[in-house]
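> Submitted below is the structure of interest, expressed as structure tokens.
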Amino acid sequence: MIAQTRDDAMLRLAEHARSLGANAVLGMRFDSGEFDSGQGQAMNEITAYGTAVVVE
């Protein structure tokens, strides 16, 4: 499940970069965290971020 979530985060990052007119992302990293969603259930969050650029 974590691998799928990382893949989804990368896909969303790439889609957002394309929407900004970029054709590459530099310095891509992941950040993750866990938080209590209530009633004893923990949730994980994975964020992908980087710098959208146009490579010529």
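In the structure tokens, chains take letters A, B, ... by order of appearance, with residues numbered from 1 within each chain and ligands from 1 in the order shown.
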At a cut-off of 12 Å, using only C-alpha atoms, what residues contact segment 34-44 of chain A? Leave out same-chain residues fewer than 4 positions from it and give the result as a ChimeraX atom specification.
/A:1-2,5-6
> Save the residues we just selected, N, CA and C atoms, as a JSON list (two decimals), in the first residue's frame?

```
[["chain", "number", "residue", "atom", "x", "y", "z"],
["A", 1, "MET", "N", 0.83, -1.18, 0.00],
["A", 1, "MET", "CA", 0.00, 0.00, 0.00],
["A", 1, "MET", "C", 0.88, 1.26, 0.00],
["A", 2, "ILE", "N", 1.96, 1.25, 0.73],
["A", 2, "ILE", "CA", 2.84, 2.41, 0.77],
["A", 2, "ILE", "C", 3.48, 2.65, -0.59],
["A", 5, "THR", "N", 0.99, 4.33, -2.78],
["A", 5, "THR", "CA", 0.80, 5.71, -2.37],
["A", 5, "THR", "C", 1.94, 6.59, -2.86],
["A", 6, "ARG", "N", 3.18, 6.08, -2.80],
["A", 6, "ARG", "CA", 4.33, 6.83, -3.33],
["A", 6, "ARG", "C", 4.19, 7.03, -4.83]]
```
> Determine, counting only C-alpha atoms, which protein, DNA and RNA residues have an atom within 12 Å of an atom of segment 48-51 of chain A; residues of the same chain fewer than 3 positions away are not included. Present the result as an NGL selection string.
:A and (5-18 or 20 or 22-32 or 45 or 54-55)
> Assign secondary structure with DSSP using the backbone only, and return the residues of segment 5-55 of chain A in strand (DSSP E or B) as a list in words.
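Checking each residue of segment 5-55 of chain A, the strand (DSSP E or B) ones are Ala24, Val25, Leu26, Gly27, Met28, Arg29, Phe30, Asp31, Ser32, Gly33, Glu34, Phe35, Asp36, Ala42, Met43, Asn44, Glu45, Ile46, Thr47, Ala48, Tyr49, Gly50, Thr51, Ala52 and Val53 of chain A.
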